[in-house]
Amino acid sequence: MNDPSRRNFIKQSGIVGAGLMLGMTGSTGSRAARQRDDASAHTHKRSVPLKWLDGKPPLLPVSVAWGVPWPRGAMTTRDRVGVVDSQGRGVPAQQWNLGYWPDGSVKWTGMAIAADAHTEGLSIVTEATAEAPSGAPSETAVTVREEAASVTINTGALVAKINRTGRSLIASLAVGGRAVALDGRLIALREDRSQFESRRVLREEEYVGKIKTVTVEQAGPIRAVVKIEGVHATAASVGAEAGDDSGGSSNGNDSGSSSGGNGGNGGGNVANDAREWLPFVVRLYFTTGLNSIRLVHTFIFDGDQAVDFIKGIGLAFTVPFREEIQNRHIRFATDNHNLFSEPVLMAPGYYSRASDGIREYQRAQLDGKRIPNLAGLPERDCANILGTPVWDSFKLNQLNADGWDLVKRTNPKSSWVRVTTGKRARGLAWLGDVSGGLAAGLRRFWQKYPASFEITDAASAAGGFKVWLWSPDAQAMDMRHYDIVRHDQDVIYETAGDIDRADAHGCANTSELTLWATPDTPAPDILDKMADTTGAPPQLVCTPEYYFSTRALGVWSLPHTPVPGISAARIDSAEVQLGRAFDFMNGEIGRRKWYGFWDFGDYRRTFDHIRRAWMYDIGGHAWNATELLPNVWLWLAFLRTGRADIFRAAEDMTRNTLEVDVYHIGRFAGLGSRHNVTHWGCASKEARINSGMLKRYHYYLTTDERLGDLITEPIGKAEASLERKKKPGDGTPRGPSVRIGPEWFSFVSTWLTEWERTGDAKYRDYCLAGMRAIGARPEILTGNENCWLDPDTKALTGAGRPNPANRHFRFVFGGDLVAMELMSLIECPEFEQAWNRFCEQEAENVRQNGYYESRLIAHVAATTGSADLRKRVIEMHAALLTFGGGDYFDAAPLVFDGPSVTQPAVVHPGARRSIASNIHTPEIAQWAINLITIPELLR
């Protein structure tokens with residue numbers, strides 16, 4: 001594959017090496033220097049054991065990608081990496097470099113394989129320990145053919161044609177030489193309410209995806225990745241391209257007209273004006289030998305929240321039929337392991353006068369097996385079959401987290417017939433005939449309600465198959481803020497600011513799907529495995545011990561790490577309480593129903609002990625977003641335990657908070673919204689919400705390209721979106737005003753990650769410019785003034801403008817974690833001295849055991865060797881474990897006897913010293929990070 005990041009790194013490596021020689025006379029006794037020396041010592045080749053996240057291999061053949069870290073100096077850009085199974089046999093694998101250490105050695109390697117139920121006992125090996133293949137044999141490798149108008153991918157089991165222009169992203173999917181899906185396109189509906197107040201009329205406008213660019217990001221040998229970018233557009237905007245590029249009929253059903261609107265005139269009304277909006281990014285992942293495609297779909301809301309109401313958004317395909325209607329089938333995965341299975345035209349085996357043959361035909365149909373064509377049937381059997389209804393359309397709607405319904409109808413002029421209902425559908429549907437068809441799995445189907453599957457025209461030559469990420473049968477998305485007036489900041493903790501800053505313009509949402517192009521009607525057990533795979537995609541990971549040994553993701557400890565001065569009983573208590581904290585918060589998702597398209601993955605911020613409910617309606621206290629690093633807590637908790645449930649929770653939180661709470665375009669691009677009732681509701685737009693450290697865990701562990709986009713995205717944008725001032729005197733513009741904690745450390749985290757990913761020395765230099773400025777003027781840390789950030793060099797200069805005296809802002813948003821890593825990667829003795837001195841001063845002044853103080857003092861104890869501070873932090877560690885005479889974290893659901901208008905409460909909050917009567921997500925996160933980092937800082 002082309003690897004521009006690697007080429008750029010090699011080109012810049014001389015500059016990097018020269019830059020890192022600066023200040024080599026610094027204190028080699030510092031903790032940062034010891035970390036560098038410790039990591040550099042691990043330069044031997046090795047075998048790295050892998051494990052399946054959920055403890056078992058895939059149920060079906062799937063594509064799996066993951067990242068492997070390496071200690072500093074252990075892996076060069078020339079080294080080969082392979083995968084072997086438990087017998088030492090090579091598994092074809094694809095590798096690429098994800099990140100680099102400052103010395104040019106590889107820090108993270110991306111890997112991809114095709115795996116199945118027999119893929120067990122895997123290990124990563126280097127060339128020195130095994131001759132493992134680094135890719136698939138040429139005769140089985142996935143191939144990519146790029147042409148002017150299209151890109152064709154051949155996995156050996158699937159041939160996909162992707163258009164470069166027009167509305168149809170996927171022109172065709174073919175298996176065994178037969179196209180089973182055509183015209184794969186994005187669809188959206190806008191609800192026009194302009195006439196609702198005067199005439200009670202709602203109108204739906206149709207939009208379809210319009211391709212802008214197509215980029216092949218990887219081209220084999222194991223997997224190919226294609227990135228498609230564009231916008232949703234009206235038919236007038238797409239123009240003549242619409243309908244001419246599909247390779248098949250769309251059947252005119254993009255409108256989702258079955259929804260009809262709320263009291264409106266039905267669907268199908270198309271706007272006459274040409275409009276482009278809702279930018280999208282879609283990635284398609286293809287793997288050698290597989291008939292499946294992973295699809296990652298992102299759209300950005302760029303409308304006016306006061307008038308633009310999204311009625312539906314999703315994907316649509318045309319499924320061509322070759323079989324008669326009695327051999328066409330619909331499948332939906334419903335609750336648990338249940339499956340709805342019916343043909344379009346069902347043989348009437350239920351009828352007492354039907355022949356035995358008819359009954360056998362019905363049994364075969366329900367199993368997805370072929371029955372004879374009508375011309376080949378006895379006359380009576382043919383008449384019996386033709387006398388039954390033909391079911392043309394089906395819908396499965398999950399409109400809330402605890403309820404789905406399934407309906408079907410014979411034609412658009414007739415009513416829908418309710419089939420059945422249930423609680424939580426698993427998010428899989430299939431349409432086709434006994435000669436092939438298309439299955440689609442939507443991950444987090446019920447968690448991110450309202451979602452649905454819609455099948456139309458099943459009695460026609462080609463059927464319509466829609467996957468609705470937001471079902472048009474639900475109320476339209478309402479992106480407006482929850483109020484139109486400002487509230488008292490001192491009362492409800494909403495940041496002061498103009499109410500129009502509570503703006504959704506620029507927020508995004510990402511969904512994950514899997515498509516299977518099948519050569520027949522899949523058997524029930526295969527569909528069941530597809531549904532399970534959709535819900536929990538197989539993931540390979542390394543062991544906690546290996547992650548820890550590489551020092552590749554900051555400072556954290558393994559469970560039960562012995563620490564001199566801390567008893568084993570206290571260490572064990574910490575582990576018990578850390579586990580209890582996660583179990584409680586993760587359980588609150590289900591108990592409190594923290595689900596929904598824009599909500600799932602986030603936690604609520606503050607518990608109201610009077611109402612015995614989380615403050616869902618109090619500004620500043622409702623959704624938590626990334627406040628005080630719950631993302632970091634969850635990812636560190638996974639790294640040290642390897643628990644699958646923690647990984648999934650961290651993944652969901654990353655997907656939500658770094659898409660929904662962040663502005664990707666517009667006037668706040670690169671910034672994010674703090675905690676509020678609506679995710680974008682806080683008037684304070686902050687860089688810290690969009691810090692690189694919040695994204696890199698997910699990116700490196702899974703190689704997720706969307707997270708790679710999000711890491712790069714705010715660079716330059718965030719600085720530009722911050723408040724800008726004029727130079728005194730001449731009035732010329734100068735850089736934005738930044739605070740060290742919320743802004744500068746957030747920028748540094750992103751620059752460090754981008755330098756790590758690309759090797760481009762300019763990002764290292766951005767960090768170094770600020771480090772040198774702080775080293776030259778330590779009062780930047782110790783004082784309360786803001787700084788100017790030079791837009792070009794990123795150097796800091798004193799602004800002389802008072803910064804609110806919230807010195808803890810240097811730490812609570814991850815500043816100390818970033819600083820420790822910064823000092824371990826970039827030699828700048830003056831910064832190291834200034835930072836350590838600042839921490840020493842803070843340690844002298846700290847008189848409480850709250851957010852960050854214990855790990856701050858642990859850092860100072862480690863860098864100074866102070867026995868008194870070490871003793872003090874050990875005492876603080878003990879205090880972290882107790883609350884009111886019992887365990888510090890002992891929160892559990894409280895069940896009430898008798899009627900109650902409130903939701904379940906907690907026995908006692910187990911938060912921290914200052915909040916004895918309620919519980920806060922930010923405090924829990926900081927408390928957990930303290931317990932996870934202190935043992936390593938004192939080790």
# chains A, B, ... in the order shown; residues from 1 in each chain; ligands from 1

call {"tool": "select_by_dssp", "arguments": {"residues": "region 361-423 of chain A", "states": "helix (DSSP H, G or I)", "output": "ChimeraX atom specification"}}
result
/A:361-366,374-376,379-386

call {"tool": "select_by_dssp", "arguments": {"residues": "region 691-841 of chain A", "states": "strand (DSSP E or B)", "output": "list of chain:residue names"}}
result
A:Arg724, A:Lys725, A:Lys726, A:Pro733, A:Arg734, A:Gly735, A:Pro736, A:Ser737, A:Val738, A:Glu785, A:Asn786, A:Cys787, A:Trp788, A:Leu789, A:Leu796, A:Thr797, A:Gly798, A:Ala799, A:Gly800, A:Arg801, A:Pro802

call {"tool": "residues_around", "arguments": {"residues": "region 859-871 of chain A", "least_positions_apart": "2", "cutoff": "12 Å", "atoms": "only C-alpha atoms", "output": "number ranges by chain"}}
result
A: 27-35, 555, 563-566, 816-817, 819-820, 832-833, 835-844, 846, 852-857, 873-878, 930, 933-939

call {"tool": "residues_around", "arguments": {"residues": "region 768-776 of chain A", "least_positions_apart": "3", "cutoff": "6 Å", "atoms": "only C-alpha atoms", "output": "compact mmCIF listing (two decimals) with N, CA, C and O atoms, in the first residue's frame"}}
result
# COMPACT_ATOMS: atom_id res chain seq x y z
N ASP A 765 7.85 20.20 16.96
CA ASP A 765 8.30 21.57 17.15
C ASP A 765 7.22 22.44 17.76
O ASP A 765 7.52 23.37 18.52
N ALA A 795 4.28 29.16 19.54
CA ALA A 795 4.98 29.65 20.72
C ALA A 795 4.00 30.37 21.63
O ALA A 795 2.99 30.93 21.18
N LEU A 796 4.30 30.40 22.93
CA LEU A 796 3.47 31.06 23.92
C LEU A 796 4.13 32.34 24.41
O LEU A 796 5.35 32.35 24.65
N GLU A 830 14.45 22.73 30.56
CA GLU A 830 13.89 23.90 31.19
C GLU A 830 12.38 23.73 31.46
O GLU A 830 11.86 24.20 32.47
N PHE A 831 11.70 23.05 30.54
CA PHE A 831 10.28 22.78 30.80
C PHE A 831 10.13 21.77 31.93
O PHE A 831 9.29 21.94 32.82
N ALA A 834 10.63 23.53 35.14
CA ALA A 834 9.52 24.43 35.47
C ALA A 834 8.29 23.64 35.89
O ALA A 834 7.60 24.00 36.86

call {"tool": "closest_residue", "arguments": {"among": "A:Asp890, A:Asp304, A:Asp402, A:Glu147", "to": "Asp583 (chain A)", "atoms": "only C-alpha atoms"}}
result
A:Asp890

call {"tool": "closest_residue", "arguments": {"among": "A:Thr288, A:Ser684, A:Gln398, A:Gln95", "to": "Thr77 (chain A)", "atoms": "only C-alpha atoms"}}
result
A:Gln95

call {"tool": "residues_around", "arguments": {"residues": "region 635-647 of chain A", "least_positions_apart": "4", "cutoff": "8 Å", "atoms": "only C-alpha atoms", "output": "list in words"}}
result
Leu53, Asp54, Thr543, Pro544, Glu545, Tyr547, Phe548, Trp556, Ser557, Leu558, Pro559, Phe582, Asn631, Glu651, Tyr697, Ile929 and Ile932 of chain A

call {"tool": "residues_around", "arguments": {"residues": "Ile293 (chain A)", "least_positions_apart": "2", "cutoff": "12 Å", "atoms": "only C-alpha atoms", "output": "PyMOL selection string"}}
result
chain A and resi 61-64+153-155+157-160+170+173+223-226+283-291+295-296+438-441+512-518+534

call {"tool": "write_last_selection", "arguments": {"atoms": "C-alpha atoms", "output": "mmCIF file, in the first residue's frame"}}
result
data_model
loop_
_atom_site.group_PDB
_atom_site.id
_atom_site.type_symbol
_atom_site.label_atom_id
_atom_site.label_comp_id
_atom_site.auth_asym_id
_atom_site.auth_seq_id
_atom_site.Cartn_x
_atom_site.Cartn_y
_atom_site.Cartn_z
ATOM 1 C CA PRO A 61 -15.448 -15.595 8.810
ATOM 2 C CA VAL A 62 -14.753 -11.921 9.489
ATOM 3 C CA SER A 63 -12.181 -9.227 8.961
ATOM 4 C CA VAL A 64 -10.263 -8.234 12.086
ATOM 5 C CA ILE A 153 -12.780 -4.585 -5.419
ATOM 6 C CA ASN A 154 -12.488 -8.366 -5.762
ATOM 7 C CA THR A 155 -12.090 -10.388 -2.563
ATOM 8 C CA ALA A 157 -15.844 -14.223 -2.729
ATOM 9 C CA LEU A 158 -17.296 -10.825 -3.622
ATOM 10 C CA VAL A 159 -16.925 -8.284 -6.410
ATOM 11 C CA ALA A 160 -17.928 -4.726 -5.570
ATOM 12 C CA ILE A 170 -22.028 1.048 -4.416
ATOM 13 C CA LEU A 173 -22.283 -6.313 -5.263
ATOM 14 C CA ARG A 223 -7.888 -5.911 3.094
ATOM 15 C CA ALA A 224 -8.839 -2.878 1.038
ATOM 16 C CA VAL A 225 -10.246 0.333 2.494
ATOM 17 C CA VAL A 226 -12.161 2.862 0.415
ATOM 18 C CA ARG A 283 -15.600 3.881 4.667
ATOM 19 C CA LEU A 284 -15.921 0.446 3.122
ATOM 20 C CA TYR A 285 -13.674 -2.396 4.320
ATOM 21 C CA PHE A 286 -13.117 -5.449 2.122
ATOM 22 C CA THR A 287 -11.175 -8.576 3.128
ATOM 23 C CA THR A 288 -9.738 -11.387 1.062
ATOM 24 C CA GLY A 289 -11.959 -14.453 0.855
ATOM 25 C CA LEU A 290 -14.936 -12.776 2.511
ATOM 26 C CA ASN A 291 -18.357 -11.907 1.115
ATOM 27 C CA LEU A 295 -19.231 0.001 6.546
ATOM 28 C CA VAL A 296 -18.576 3.004 8.836
ATOM 29 C CA LEU A 438 -28.230 -9.039 0.838
ATOM 30 C CA ALA A 439 -27.999 -9.026 4.635
ATOM 31 C CA ALA A 440 -27.369 -5.854 6.618
ATOM 32 C CA GLY A 441 -26.414 -5.666 10.265
ATOM 33 C CA GLU A 512 -21.225 0.915 12.040
ATOM 34 C CA LEU A 513 -22.768 -1.653 9.713
ATOM 35 C CA THR A 514 -21.877 -4.979 8.129
ATOM 36 C CA LEU A 515 -23.160 -6.086 4.732
ATOM 37 C CA TRP A 516 -23.175 -9.704 3.559
ATOM 38 C CA ALA A 517 -23.747 -10.565 -0.109
ATOM 39 C CA THR A 518 -25.012 -14.143 -0.030
ATOM 40 C CA THR A 534 -23.092 -7.414 14.339
#

call {"tool": "atom_distance", "arguments": {"atom1": "CA of Val812 (chain A)", "atom2": "CA of Pro71 (chain A)"}}
result
28.1 Å

call {"tool": "residues_around", "arguments": {"residues": "Ser415 (chain A)", "least_positions_apart": "2", "cutoff": "12 Å", "atoms": "only C-alpha atoms", "output": "list in words"}}
result
Ser258, Trp391, Asp392, Ser393, Phe394, Val407, Lys408, Arg409, Thr410, Asn411, Pro412, Lys413, Val417 and Arg418 of chain A
